[in-house]
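As C-alpha cells, the structure follows; a few thoughts come after it.
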Amino acid sequence: MNSMPGHLEALRDDSLRRAPSAEEIRRLESWLAGHPEQRAQWESDLQVGQWLRELPDPPVSPGFVPKIMAALDRPSAAGSRRLDLLSFWRLWLPPLRWAAASAAAAILLASAAFIGYRHHQSQTRVEIARSVAQISDFPLSLDLLSDFDVIRRLDPAAVPVDEELLAALQ
C-alpha cells in the first residue's frame with residue numbers, strides 16, 4: 001500500500017468537519033491520478049464528511065446557560081479568599097521545601113563532623129594512654145644518672161652548639 005503525503009492525511013481528517021477547498025481537491029485529484037486504487041476510499045470518506053456536515057446541530061439541554069452562569073458566579077464570591085491562600089502556599093511551598101532540605105543536609109553534615117571529631121579525640125586518648133603505659137613499664141634506675149656529671153664536664157668546644165636551635169628553644 002502506498003503511503004499518503006502528510007497534507008492529504010490532514011485533508012482526510014479535516015473533511016469530516018469542513019468541505020475541502022478547490023486547491024485541496026486539485027492536489028487530491030493529482031495524487032489520485034497516480035494511485036487509482038485509493039479513489040474509492042477517498043470518495044467514500046468525502047461522502048461521509050458531507051453527510052456529517054449536513055446533520056443538524058444537537059439542541060442545547062434546557063437550563064444549560066443558567067447552570068454555567070451560576071457556576072461562573074459562585075467562585076467569585078466565596079472562593080477568592082481560598083484561591084488567595086492556595087496561591088500563597090503554591091508560591092511559598094517550593095522555597096520551604098528547599099529550605100527544609102538545606103536544613104536537613106546541614107544537620108546531617110554537622111552530626112557527621114561532630115561524630116568524626118569525637119572519634120578522633122578518643123583515638124588520641126587511646127594513643128596517649130598506650131604511650132604512658134610504655135613509659136611506665138620502662139625501668140628507671142639511678143644508674144642512668146651516674147654518668148651525668150662526666151657528660152656535663154665535657155669540653156664545650158668539642159660539642160658544637162647549634163645557636164639557631166638554642167634561640168628557637170628560648
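We name chains A, B, ... following the order of the C-alpha cells; residues begin at 1 in each chain, and ligands are numbered from 1 as shown.
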>> Quick one: residues within 12 Å of Gly49 in chain A, only C-alpha atoms, excluding same-chain residues fewer than 2 positions away - as a list of chain:residue names?
In response: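 Near Gly49 in chain A, the qualifying residues are A:Leu11, A:Arg12, A:Asp13, A:Asp14, A:Ser15, A:Leu16, A:Arg17, A:Arg18, A:Ala19, A:Pro20, A:Trp42, A:Glu43, A:Ser44, A:Asp45, A:Leu46, A:Gln47, A:Trp51, A:Leu52, A:Arg53, A:Glu54, A:Leu55.
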Would you mind exporting C-alpha atoms of the selected residues as a compact mmCIF listing (two decimals), in the first residue's frame?
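The file below, selection-v3.txt, is the result:
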# COMPACT_ATOMS: atom_id res chain seq x y z
CA LEU A 11 -7.28 16.71 4.48
CA ARG A 12 -8.88 13.33 5.27
CA ASP A 13 -9.27 14.34 8.92
CA ASP A 14 -10.48 17.86 8.12
CA SER A 15 -13.01 16.69 5.53
CA LEU A 16 -15.25 15.42 8.35
CA ARG A 17 -15.59 18.98 9.71
CA ARG A 18 -15.41 21.17 6.59
CA ALA A 19 -15.67 20.89 2.83
CA PRO A 20 -12.30 20.75 1.03
CA TRP A 42 -11.34 8.79 -0.78
CA GLU A 43 -14.74 9.21 -2.40
CA SER A 44 -16.43 7.36 0.48
CA ASP A 45 -14.54 9.46 3.05
CA LEU A 46 -15.58 12.70 1.33
CA GLN A 47 -19.22 11.50 1.15
CA TRP A 51 -23.31 13.73 5.37
CA LEU A 52 -21.90 14.69 8.80
CA ARG A 53 -21.80 18.37 7.87
CA GLU A 54 -25.47 18.20 6.76
CA LEU A 55 -26.64 16.88 10.14
> For the atom pair CA of Ala22 in chain A and CA of Glu9 in chain A, what is the interatomic distance in Å to one decimal place?
Replying inline: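 Atom-to-atom, CA of Ala22 in chain A to CA of Glu9 in chain A, that is 16.7 Å.
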> At what distance in Å, to one decimal, does CA of Glu23 in chain A lie from CA of Arg39 in chain A?
Replying inline: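 Answer for the CA of Arg39 in chain A to CA of Glu23 in chain A separation: 17.4 Å.
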